[in-house]
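A.B. asks: Got a structure for you, run15.txt, holding compact mmCIF, C-alpha atoms and all ligand atoms.
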# COMPACT_ATOMS: atom_id res chain seq x y z
CA MET E 1288 -20.01 -28.75 10.68
CA LYS E 1289 -18.20 -27.66 7.52
CA ARG E 1290 -14.55 -26.75 7.24
CA VAL E 1291 -12.81 -24.74 4.49
CA ASP E 1292 -11.34 -28.03 3.28
CA ASP E 1293 -14.85 -29.16 2.28
CA PHE E 1294 -14.85 -26.52 -0.48
CA ARG E 1295 -12.82 -26.11 -3.65
CA LEU E 1296 -12.23 -23.14 -5.95
CA GLN E 1297 -12.66 -23.93 -9.62
CA LEU E 1298 -10.71 -21.57 -11.90
CA GLY E 1299 -11.18 -22.86 -15.41
CA ARG E 1300 -9.84 -26.39 -15.39
CA HIS E 1301 -7.87 -25.84 -12.16
CA GLU E 1302 -9.21 -27.02 -8.84
CA LEU E 1303 -7.70 -25.20 -5.90
CA VAL E 1304 -7.96 -24.94 -2.14
CA PRO E 1305 -10.17 -21.84 -1.70
CA ILE E 1306 -7.61 -19.86 0.28
CA ILE E 1307 -5.81 -16.97 -1.38
CA VAL E 1308 -3.12 -15.06 0.44
CA GLY E 1309 -3.35 -11.48 -0.77
CA GLY E 1310 -0.55 -9.39 -2.19
CA MET E 1311 1.27 -7.30 0.38
CA GLY E 1312 3.75 -4.82 -1.02
CA VAL E 1313 6.58 -3.97 -0.64
CA ASP E 1314 7.83 -7.55 -0.43
CA ILE E 1315 5.75 -8.33 2.68
CA SER E 1316 4.09 -11.15 0.76
CA THR E 1317 7.42 -12.60 -0.31
CA ALA E 1318 8.06 -15.26 -2.91
CA GLU E 1319 8.68 -17.70 -0.04
CA LEU E 1320 5.22 -17.05 1.39
CA ALA E 1321 3.49 -17.28 -1.98
CA LEU E 1322 5.36 -20.49 -2.82
CA GLU E 1323 4.31 -22.13 0.45
CA VAL E 1324 0.68 -21.30 -0.24
CA ALA E 1325 0.94 -22.69 -3.77
CA ARG E 1326 2.64 -25.82 -2.45
CA MET E 1327 -0.37 -26.44 -0.23
CA GLY E 1328 -2.81 -26.04 -3.10
CA GLY E 1329 -4.00 -22.45 -2.59
CA ILE E 1330 -3.08 -19.22 -4.37
CA GLY E 1331 -0.22 -17.09 -3.09
CA HIS E 1332 0.58 -13.57 -4.28
CA ILE E 1333 3.82 -11.80 -4.80
CA SER E 1334 3.67 -8.06 -5.47
CA ASP E 1335 5.38 -5.96 -8.10
CA ALA E 1336 5.51 -2.88 -5.86
CA MET E 1337 9.00 -1.33 -6.06
CA VAL E 1338 10.13 -4.35 -8.04
CA GLN E 1339 13.54 -2.86 -8.87
CA ASP E 1340 14.39 -2.49 -5.20
CA VAL E 1341 13.03 -5.96 -4.43
CA SER E 1342 15.20 -7.40 -7.20
CA ASP E 1343 18.31 -5.61 -5.87
CA ARG E 1344 17.76 -7.10 -2.44
CA ARG E 1345 16.98 -10.58 -3.66
CA PHE E 1346 19.27 -10.96 -6.64
CA ASP E 1347 22.04 -8.46 -6.00
CA THR E 1348 21.18 -6.33 -9.02
CA ASP E 1349 21.85 -2.57 -9.14
CA PHE E 1350 18.64 -1.14 -10.55
CA VAL E 1351 18.16 1.46 -7.82
CA LYS E 1352 21.82 2.49 -7.68
CA GLU E 1353 21.84 2.95 -11.44
CA LYS E 1354 18.68 5.08 -11.46
CA THR E 1355 19.89 7.19 -8.54
CA LYS E 1356 23.18 7.84 -10.33
CA LEU E 1357 21.37 8.90 -13.48
CA TYR E 1358 19.24 11.45 -11.65
CA LYS E 1359 21.69 12.50 -8.93
CA HIS E 1360 21.79 16.04 -10.34
CA ASN E 1361 18.08 16.41 -9.51
CA ILE E 1362 18.12 15.38 -5.86
CA ASP E 1363 17.90 18.96 -4.52
CA ASN E 1364 15.33 19.98 -7.10
CA SER E 1365 11.72 20.00 -5.91
CA ASP E 1366 10.56 19.38 -9.49
CA LYS E 1367 10.79 15.60 -10.10
CA SER E 1368 9.34 15.52 -13.60
CA VAL E 1369 12.63 14.45 -15.22
CA VAL E 1370 12.81 11.26 -13.12
CA GLN E 1371 11.71 8.45 -15.43
CA PHE E 1372 11.88 4.68 -15.28
CA ASP E 1373 13.86 2.96 -18.01
CA LEU E 1374 11.23 0.61 -19.41
CA GLY E 1375 13.79 -2.02 -20.44
CA ARG E 1376 15.23 -2.15 -16.94
CA LEU E 1377 11.74 -2.26 -15.43
CA ALA E 1378 10.93 -5.26 -17.62
CA GLU E 1379 14.18 -6.93 -16.58
CA ALA E 1380 13.49 -6.48 -12.85
CA THR E 1381 9.92 -7.76 -13.19
CA LYS E 1382 11.04 -10.81 -15.16
CA LEU E 1383 13.72 -11.61 -12.60
CA HIS E 1384 11.33 -11.39 -9.66
CA VAL E 1385 8.54 -13.32 -11.36
CA GLY E 1386 10.76 -15.75 -13.27
CA LYS E 1387 12.77 -16.86 -10.24
CA THR E 1388 9.60 -17.29 -8.22
CA MET E 1389 7.91 -19.38 -10.88
CA GLN E 1390 11.00 -21.56 -11.35
CA ALA E 1391 10.81 -22.46 -7.67
CA LYS E 1392 7.11 -23.29 -7.71
CA GLY E 1393 5.87 -26.72 -6.80
CA GLY E 1394 2.54 -28.16 -5.70
CA ALA E 1395 -0.96 -27.96 -7.04
CA GLY E 1396 -1.60 -24.30 -6.27
CA MET E 1397 -0.81 -21.10 -8.11
CA VAL E 1398 1.25 -17.94 -7.75
CA PHE E 1399 -0.29 -14.63 -8.82
CA ILE E 1400 1.14 -11.13 -8.81
CA ASN E 1401 -0.58 -8.11 -7.28
CA CYS E 1402 -0.35 -5.10 -9.56
CA MET E 1403 -1.40 -1.71 -8.16
CA GLU E 1404 -2.52 0.91 -10.68
CA LYS E 1405 -1.69 3.66 -8.19
CA LEU E 1406 2.00 3.01 -8.77
CA THR E 1407 1.97 5.59 -11.55
CA MET E 1408 5.76 5.84 -11.85
CA ASN E 1409 5.79 9.18 -13.76
CA SER E 1410 4.40 7.47 -16.85
CA PRO E 1411 1.33 5.51 -15.78
CA ARG E 1412 0.38 3.79 -19.01
CA ASP E 1413 3.83 2.75 -20.25
CA THR E 1414 5.08 1.48 -16.93
CA LEU E 1415 1.89 -0.46 -16.21
CA GLN E 1416 2.02 -2.04 -19.65
CA VAL E 1417 5.59 -3.18 -19.05
CA ARG E 1418 4.82 -4.51 -15.56
CA LEU E 1419 1.81 -6.53 -16.74
CA ASN E 1420 3.34 -7.94 -19.89
CA SER E 1421 6.69 -8.75 -18.29
CA ALA E 1422 4.92 -10.72 -15.57
CA LEU E 1423 3.10 -12.70 -18.26
CA ASP E 1424 6.37 -13.20 -20.17
CA ALA E 1425 7.98 -14.60 -17.04
CA GLY E 1426 5.24 -17.21 -16.60
CA ILE E 1427 3.13 -15.83 -13.74
CA ASP E 1428 -0.01 -17.96 -13.22
CA GLY E 1429 -2.23 -14.93 -12.79
CA ILE E 1430 -2.43 -11.18 -12.24
CA THR E 1431 -4.61 -9.46 -9.66
CA LEU E 1432 -5.28 -5.84 -10.58
CA SER E 1433 -5.58 -3.65 -7.50
CA ALA E 1434 -5.55 -0.10 -6.13
CA GLY E 1435 -7.36 1.53 -9.01
CA LEU E 1436 -10.21 1.07 -11.46
CA HIS E 1437 -7.87 -0.43 -14.10
CA LEU E 1438 -10.12 0.63 -16.95
CA GLY E 1439 -7.33 0.20 -19.51
CA SER E 1440 -5.30 -2.64 -17.97
CA PHE E 1441 -6.83 -5.55 -19.88
CA GLY E 1442 -6.32 -3.56 -23.08
CA LEU E 1443 -2.62 -3.15 -22.23
CA MET E 1444 -2.24 -6.95 -22.20
CA ALA E 1445 -4.62 -7.77 -25.06
CA ASP E 1446 -1.85 -8.50 -27.57
CA HIS E 1447 0.06 -10.79 -25.25
CA PRO E 1448 -0.09 -14.47 -26.27
CA ARG E 1449 -1.06 -15.41 -22.71
CA PHE E 1450 -3.88 -12.83 -22.43
CA ARG E 1451 -6.61 -15.45 -22.64
CA ASP E 1452 -4.81 -18.24 -20.83
CA ALA E 1453 -3.31 -16.58 -17.73
CA LYS E 1454 -5.75 -15.99 -14.86
CA LEU E 1455 -6.66 -12.32 -14.65
CA GLY E 1456 -8.74 -10.78 -11.89
CA ILE E 1457 -9.49 -7.50 -10.21
CA ILE E 1458 -10.07 -6.25 -6.67
CA VAL E 1459 -13.16 -4.09 -6.23
CA SER E 1460 -14.91 -2.66 -3.20
CA SER E 1461 -18.27 -1.82 -4.79
CA VAL E 1462 -20.64 -3.09 -7.43
CA ARG E 1463 -20.21 0.23 -9.21
CA ALA E 1464 -16.45 -0.24 -9.64
CA LEU E 1465 -17.06 -3.70 -11.16
CA GLN E 1466 -19.79 -2.40 -13.48
CA ILE E 1467 -17.49 0.30 -14.83
CA PHE E 1468 -14.65 -2.19 -15.30
CA LEU E 1469 -16.82 -4.69 -17.19
CA ARG E 1470 -18.38 -2.00 -19.35
CA LYS E 1471 -15.02 -0.53 -20.32
CA ASN E 1472 -13.63 -3.94 -21.25
CA ALA E 1473 -16.66 -5.35 -23.06
CA ARG E 1474 -15.04 -4.85 -26.48
CA LEU E 1475 -12.18 -7.20 -25.55
CA ASP E 1476 -14.53 -10.16 -25.10
CA ARG E 1477 -12.52 -11.30 -22.11
CA LEU E 1478 -14.12 -11.44 -18.68
CA PRO E 1479 -12.04 -11.49 -15.51
CA ASP E 1480 -11.45 -15.05 -14.26
CA TYR E 1481 -12.22 -13.96 -10.71
CA VAL E 1482 -13.27 -10.87 -8.80
CA ILE E 1483 -11.96 -10.18 -5.32
CA VAL E 1484 -14.40 -8.17 -3.24
CA GLU E 1485 -12.45 -6.35 -0.58
CA GLY E 1486 -14.43 -4.93 2.32
CA PRO E 1487 -13.42 -2.13 4.69
CA LEU E 1488 -11.66 -4.33 7.28
CA ALA E 1489 -8.70 -5.18 5.03
CA GLY E 1490 -5.08 -4.08 5.37
CA GLY E 1491 -3.23 -1.76 3.01
CA HIS E 1492 -5.12 0.90 1.05
CA LEU E 1493 -8.91 0.88 1.24
CA GLY E 1494 -11.26 1.27 -1.70
CA PHE E 1495 -13.53 3.43 0.48
CA GLY E 1496 -13.53 6.99 1.74
CA MET E 1497 -13.16 7.91 5.38
CA ASP E 1498 -16.80 6.80 5.75
CA TRP E 1499 -15.52 3.20 5.37
CA ALA E 1500 -17.22 2.09 8.62
CA GLN E 1501 -20.64 2.40 6.97
CA TYR E 1502 -19.89 -0.50 4.63
CA ASP E 1503 -19.60 -4.21 5.22
CA LEU E 1504 -18.22 -7.05 3.17
CA ALA E 1505 -21.19 -9.41 3.31
CA THR E 1506 -23.54 -6.72 1.97
CA ILE E 1507 -21.21 -5.77 -0.88
CA MET E 1508 -20.78 -9.47 -1.75
CA THR E 1509 -24.56 -9.88 -1.95
CA GLU E 1510 -24.92 -6.78 -4.14
CA ILE E 1511 -22.21 -7.93 -6.54
CA ALA E 1512 -23.51 -11.51 -6.68
CA GLY E 1513 -26.99 -10.12 -7.48
CA TYR E 1514 -25.61 -7.94 -10.25
CA LEU E 1515 -23.64 -10.82 -11.84
CA LYS E 1516 -26.70 -13.06 -11.69
CA ALA E 1517 -28.88 -10.43 -13.35
CA GLU E 1518 -26.28 -10.04 -16.10
CA GLN E 1519 -25.93 -13.84 -16.36
CA LEU E 1520 -22.21 -13.62 -15.74
CA ASP E 1521 -20.55 -16.58 -14.07
CA ILE E 1522 -17.44 -15.14 -12.42
CA PRO E 1523 -16.10 -16.55 -9.13
CA LEU E 1524 -16.35 -14.01 -6.30
CA ILE E 1525 -13.69 -13.99 -3.62
CA ALA E 1526 -14.33 -12.36 -0.25
CA ALA E 1527 -11.54 -10.39 1.46
CA GLY E 1528 -11.09 -8.28 4.56
CA GLY E 1529 -11.40 -9.29 8.19
CA ILE E 1530 -11.67 -13.08 7.65
CA PHE E 1531 -9.70 -14.23 10.67
CA THR E 1532 -10.69 -17.87 11.27
CA GLY E 1533 -11.66 -20.90 9.22
CA THR E 1534 -15.17 -20.41 10.54
CA ASP E 1535 -15.30 -16.82 9.18
CA ALA E 1536 -14.16 -18.23 5.85
CA VAL E 1537 -16.79 -21.01 5.86
CA SER E 1538 -19.57 -18.51 6.42
CA PHE E 1539 -18.57 -16.69 3.20
CA LEU E 1540 -18.08 -19.94 1.28
CA GLU E 1541 -21.53 -21.15 2.37
CA ASN E 1542 -23.02 -17.89 1.16
CA GLY E 1543 -21.69 -18.21 -2.35
CA ALA E 1544 -18.09 -16.99 -2.23
CA ALA E 1545 -15.83 -19.17 -4.37
CA ALA E 1546 -12.84 -18.53 -2.10
CA VAL E 1547 -11.53 -16.11 0.51
CA GLN E 1548 -8.53 -13.82 0.33
CA VAL E 1549 -6.69 -13.30 3.60
CA ALA E 1550 -3.53 -11.48 4.62
CA THR E 1551 -3.34 -10.26 8.22
CA ARG E 1552 -2.93 -13.72 9.77
CA PHE E 1553 0.10 -14.25 7.50
CA THR E 1554 1.89 -11.02 8.50
CA VAL E 1555 3.37 -12.97 11.43
CA ALA E 1556 4.37 -16.02 9.41
CA ASN E 1557 8.07 -16.90 9.33
CA GLU E 1558 7.98 -16.52 5.54
CA CYS E 1559 6.47 -13.01 5.65
CA GLY E 1560 8.90 -10.23 4.68
CA LEU E 1561 8.31 -7.97 7.71
CA PRO E 1562 11.36 -7.80 9.98
CA ALA E 1563 11.10 -9.80 13.23
CA LYS E 1564 10.81 -6.61 15.33
CA VAL E 1565 7.89 -5.37 13.25
CA LYS E 1566 6.11 -8.71 13.59
CA GLN E 1567 6.30 -8.22 17.37
CA GLU E 1568 4.68 -4.78 16.96
CA TYR E 1569 1.81 -6.45 15.12
CA PHE E 1570 1.45 -9.06 17.87
CA ARG E 1571 1.49 -6.46 20.64
CA ALA E 1572 -1.06 -4.15 19.01
CA SER E 1573 -4.34 -3.54 20.76
CA GLU E 1574 -7.54 -2.51 19.00
CA GLU E 1575 -6.97 1.17 19.83
CA ASP E 1576 -3.52 1.06 18.22
CA ILE E 1577 -5.00 0.51 14.74
CA VAL E 1578 -5.95 3.65 12.83
CA ILE E 1579 -7.08 4.66 9.37
CA ASN E 1580 -5.61 7.87 8.04
CA THR E 1581 -5.01 9.73 4.79
CA ILE E 1582 -1.22 10.04 4.90
CA SER E 1583 -0.75 7.87 1.80
CA PRO E 1584 0.03 10.09 -1.19
CA THR E 1585 -2.16 7.81 -3.33
CA GLY E 1586 -5.27 9.52 -2.01
CA TYR E 1587 -6.70 6.27 -0.61
CA PRO E 1588 -7.23 5.88 3.13
CA MET E 1589 -4.82 3.36 4.63
CA ARG E 1590 -5.03 1.26 7.79
CA MET E 1591 -1.91 1.10 9.96
CA LEU E 1592 -0.55 0.91 13.47
CA LYS E 1593 -0.61 4.25 15.27
CA SER E 1594 3.06 3.79 16.22
CA THR E 1595 4.10 3.59 12.55
CA PRO E 1596 7.40 5.49 12.16
CA ALA E 1597 6.18 6.85 8.82
CA ILE E 1598 3.57 9.05 10.53
CA GLY E 1599 4.92 12.59 10.89
CA SER E 1600 8.27 11.74 9.34
CA GLY E 1601 9.74 14.62 7.33
CA ILE E 1602 12.38 12.84 5.25
CA ARG E 1603 13.52 14.27 1.92
CA PRO E 1604 11.58 12.77 -1.00
CA ASN E 1605 13.70 10.06 -2.56
CA CYS E 1606 12.16 9.98 -6.04
CA GLU E 1607 15.51 9.81 -7.83
CA ALA E 1608 15.98 6.35 -6.30
CA TYR E 1609 12.33 5.26 -6.19
CA GLY E 1610 9.60 7.56 -7.56
CA TYR E 1611 6.90 4.90 -7.78
CA LEU E 1612 4.14 7.35 -6.82
CA LEU E 1613 5.00 10.17 -9.20
CA ASP E 1614 1.93 10.91 -11.28
CA GLY E 1615 2.11 11.49 -15.03
CA ASN E 1616 3.41 15.04 -14.39
CA GLY E 1617 6.10 14.09 -11.93
CA ASN E 1618 4.12 15.15 -8.84
CA CYS E 1619 3.48 13.29 -5.62
CA ALA E 1620 1.33 14.61 -2.76
CA TYR E 1621 4.20 13.99 -0.34
CA ILE E 1622 6.51 16.31 -2.30
CA THR E 1623 3.89 19.08 -2.07
CA ALA E 1624 3.44 18.53 1.68
CA TYR E 1625 7.20 18.38 2.21
CA ASN E 1626 7.84 21.56 0.23
CA GLN E 1627 5.29 23.44 2.33
CA GLN E 1628 7.23 22.49 5.44
CA ILE E 1629 10.53 23.47 3.82
CA LEU E 1630 9.12 26.95 3.18
CA LEU E 1631 8.42 27.23 6.91
CA HIS E 1632 11.76 25.70 7.95
CA PRO E 1633 14.26 26.50 5.18
CA ASP E 1634 17.17 24.76 6.94
CA GLY E 1635 15.28 21.48 6.42
CA LYS E 1636 16.14 20.34 9.94
CA ASN E 1637 13.76 18.60 12.31
CA ILE E 1638 10.81 18.97 10.03
CA SER E 1639 7.74 16.87 10.50
CA VAL E 1640 5.22 16.28 7.73
CA MET E 1641 1.92 15.21 9.21
CA ASP E 1642 -0.58 15.14 6.35
CA LYS E 1643 1.31 12.88 3.90
CA THR E 1644 4.17 10.40 4.07
CA CYS E 1645 6.99 9.37 1.77
CA LEU E 1646 5.42 5.98 1.10
CA CYS E 1647 8.13 4.61 -1.20
CA THR E 1648 10.97 5.03 1.27
CA HIS E 1649 8.93 4.03 4.31
CA MET E 1650 7.38 0.93 2.73
CA ARG E 1651 10.77 -0.05 1.38
CA ASN E 1652 12.28 0.22 4.86
CA TYR E 1653 9.32 -1.54 6.52
CA ASN E 1654 8.55 1.66 8.40
CA CYS E 1655 4.94 1.95 7.34
CA TRP E 1656 3.14 -0.65 9.41
CA THR E 1657 -0.01 -1.15 7.41
CA CYS E 1658 -2.24 -3.88 8.80
CA GLY E 1659 -5.75 -5.31 8.77
CA SER E 1660 -8.44 -4.50 11.32
CA THR E 1661 -7.98 -7.86 13.06
CA THR E 1662 -4.27 -7.36 13.81
CA TYR E 1663 -5.01 -6.95 17.53
CA ARG E 1664 -6.17 -10.58 17.58
CA LEU E 1665 -2.85 -11.97 16.31
CA LYS E 1666 -1.59 -12.40 19.89
CA ASP E 1667 -4.37 -14.95 20.41
CA THR E 1668 -2.98 -17.11 17.61
CA THR E 1669 0.34 -17.91 19.27
CA ARG E 1670 2.26 -18.45 22.49
CA ARG E 1671 4.54 -16.15 24.44
CA LEU E 1672 8.16 -17.13 24.76
CA PRO E 1673 10.08 -16.91 28.05
CA ASP E 1674 11.59 -13.55 26.98
CA GLY E 1675 8.08 -12.10 26.62
CA SER E 1676 8.11 -12.03 22.83
CA TYR E 1677 5.48 -13.78 20.73
CA GLN E 1678 6.30 -16.90 18.74
CA THR E 1679 6.03 -16.52 14.97
CA MET E 1680 4.84 -19.57 13.05
CA SER E 1681 5.07 -21.18 9.66
CA ALA E 1682 2.77 -20.23 6.80
CA GLU E 1683 1.86 -23.91 6.66
CA HIS E 1684 0.57 -23.78 10.24
CA ILE E 1685 -1.63 -20.74 9.53
CA PHE E 1686 -2.85 -22.15 6.22
CA ARG E 1687 -3.81 -25.46 7.80
CA ASP E 1688 -5.55 -23.68 10.63
CA TYR E 1689 -7.76 -21.83 8.11
CA LEU E 1690 -8.34 -25.08 6.26
CA LEU E 1691 -9.28 -27.36 9.13
CA SER E 1692 -10.56 -25.32 12.04
CA THR E 1693 -14.17 -25.21 13.20
CA GLU E 1694 -16.12 -23.19 15.75
CA ASN E 1695 -13.76 -20.22 15.48
CA HIS E 1696 -11.04 -22.27 17.08
CA VAL E 1697 -7.47 -21.16 16.38
CA LEU E 1698 -4.76 -23.79 16.68
CA LEU E 1699 -1.72 -22.51 18.57
CA PRO E 1700 1.75 -23.47 17.30
CA ASP E 1701 3.68 -26.21 19.14
C1 LIG T 1 0.52 -5.68 5.52
C2 LIG T 1 -0.47 -5.64 4.40
C3 LIG T 1 -0.10 -5.11 3.17
C4 LIG T 1 -1.00 -5.11 2.11
N1 LIG T 1 -0.60 -4.64 0.89
C5 LIG T 1 -1.43 -4.73 -0.18
C6 LIG T 1 -0.97 -4.38 -1.48
O1 LIG T 1 0.19 -4.02 -1.67
N2 LIG T 1 -1.86 -4.47 -2.51
C7 LIG T 1 -3.14 -4.90 -2.32
O2 LIG T 1 -3.91 -4.98 -3.28
N3 LIG T 1 -3.59 -5.27 -1.10
C8 LIG T 1 -2.76 -5.19 -0.04
N4 LIG T 1 -3.19 -5.63 1.18
C9 LIG T 1 -4.55 -6.21 1.30
C10 LIG T 1 -4.50 -7.74 1.26
O3 LIG T 1 -3.99 -8.23 0.05
C11 LIG T 1 -5.85 -8.42 1.54
O4 LIG T 1 -6.78 -8.28 0.49
C12 LIG T 1 -6.55 -7.98 2.82
O5 LIG T 1 -5.68 -7.47 3.78
C13 LIG T 1 -7.33 -9.17 3.40
O6 LIG T 1 -7.87 -8.86 4.62
P1 LIG T 1 -7.22 -9.37 6.01
O7 LIG T 1 -5.89 -8.73 6.10
O8 LIG T 1 -8.20 -8.86 7.04
O9 LIG T 1 -7.15 -10.86 5.97
C14 LIG T 1 -2.31 -5.63 2.28
C15 LIG T 1 -2.67 -6.15 3.53
C16 LIG T 1 -1.78 -6.16 4.57
C17 LIG T 1 -2.20 -6.74 5.89
Mind turning this structure into structure tokens?

C.D. replies:
Amino acid sequence: MKRVDDFRLQLGRHELVPIIVGGMGVDISTAELALEVARMGGIGHISDAMVQDVSDRRFDTDFVKEKTKLYKHNIDNSDKSVVQFDLGRLAEATKLHVGKTMQAKGGAGMVFINCMEKLTMNSPRDTLQVRLNSALDAGIDGITLSAGLHLGSFGLMADHPRFRDAKLGIIVSSVRALQIFLRKNARLDRLPDYVIVEGPLAGGHLGFGMDWAQYDLATIMTEIAGYLKAEQLDIPLIAAGGIFTGTDAVSFLENGAAAVQVATRFTVANECGLPAKVKQEYFRASEEDIVINTISPTGYPMRMLKSTPAIGSGIRPNCEAYGYLLDGNGNCAYITAYNQQILLHPDGKNISVMDKTCLCTHMRNYNCWTCGSTTYRLKDTTRRLPDGSYQTMSAEHIFRDYLLSTENHVLLPD
């Protein structure tokens, strides 16, 4: 009977353990988590979501304070179009986050950064260009493009000296999305080094509509593999979404996946950025507690715990401090939803906004409990402590369990 450890992922000249821990913003997939995965020979992701805030917390910088001060005069204004990111400061924050992580890296694995196109930051093209190129400047091993079609993202990096040497990949949820991406980038003569195929059981935003339940990962993998074969393209495919045990992983690896990307199991790792109390919420969750809704202003459906504090919260938009979801015209769907409520309740007190949420503030405060579909099984991966709480475990324990387990067995921590 095969185990994940019987397989290897070949990325160019690098041979890796075929386990990738996916990016989880905002700072849920921390540098510590990514570094542990790299140490053990796999690929760990950090995320550049809200990188200025992440830098302030990690390195005592003042990026957010500075930006808030600059735009303080606009806080009561419902028009946020003046709120812009200083591109120099954005580059600085990205280089700090990536640079410090890469300096600490050891082991045979790699650290990649997850870069979401939907973080439009009131100037989508410029800010994305800075984020991508600064990560390359700071020595990131690879960049995973996510949450968007990324039709121009390779082009934004094409002049960087590391464009052909860093590992660059994209997350897709359909063969169509991959076809469009490859067609748009054909002129650059640079294929992605890997393609992550994310099915509908994943955590975070979903690349499907609310009809997500009609799709399944294995079918999409087969479609994409068939397309690549017909086009004679040799790009490693990585399966993601709902892979809970080593046995689940082996079944994808035996069917042609070059690796798997996982995340939910690691949300309860000691190294994961979620606060201890939130990890207990994930452990306690039952299947009925996990919902998919459309409260994310990005327009993508998002999976989360029903008890998420972000649902129905009517806080004032905080774009002067954050503003990561402002589109190119300074709009965000939460601001629109919030303003509608303000019209009904002009005193601004006790308002509840049901259809959208202020994702920046709530993700930043770990109050949007996004999770994968298998979260309700996390309780079966650990022991209960005398006080009734669940024991968290090391990333190494979870990684090794994926690597070595057979017959859907999950090894409990000591
Ligand atoms: C808490 C959480 C946050 C996530 N955040 C992101 C993100 O910021 N960007 C992204 O591309 N994917 C995100 N994902 C998706 C994961 O990177 C991964 O592809 C997916 O969850 C794998 O499926 P699994 O959780 O069932 O193992 C997130 C997943 C979780 C559980």

A.B. asks: Could you tell me, counting all atoms listed in the file, which protein and nucleic acid residues lie no more than 7 Å from ligand LIG 1 (chain T), written as a VMD selection string?

C.D. replies: chain E and resid 1308 to 1313 1315 1334 1336 1401 1403 1433 to 1434 1485 1488 to 1492 1527 to 1531 1548 to 1552 1554 1656 to 1661

A.B. asks: Measuring atom to atom with all atoms listed in the file, identify which of E:Ser1368, E:Gln1297, E:Gln1390, E:Asn1557 is nearest to Lys1454 (chain E).

C.D. replies: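 For Lys1454 (chain E), the nearest of the given residues is E:Gln1297.
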
A.B. asks: Residues near Gly1299 (chain E), anyone? I mean within 12 Å using all atoms listed in the file, not counting same-chain ones fewer than 6 positions away, as JSON, numbers by chain.

C.D. replies: {"E": [1451, 1452, 1453, 1454, 1455, 1479, 1480, 1481, 1521, 1522, 1523]}

A.B. asks: Please, what distance in Å, to one decimal, runs between CA of Arg1300 (chain E) and CA of Gly1429 (chain E)?

C.D. replies: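 Computed distance, CA of Arg1300 (chain E) to CA of Gly1429 (chain E), equals 14.0 Å.
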
A.B. asks: Do you know which residues are at most 9 Å from Asp1366 (chain E) counting only C-alpha atoms, after dropping those on the same chain fewer than 4 positions away, and could you put them as a list of chain:residue names?

C.D. replies: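 Here the qualifying residues turn out to be E:Asn1361, E:Gly1617, E:Asn1618, E:Ile1622.
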
A.B. asks: Which polymer residues, protein or nucleic acid, are no farther than 10 Å from (-11.8, -0.7, -16.7), counting only C-alpha atoms, as a PyMOL selection string?

C.D. replies: chain E and resi 1435-1442+1457+1464-1473
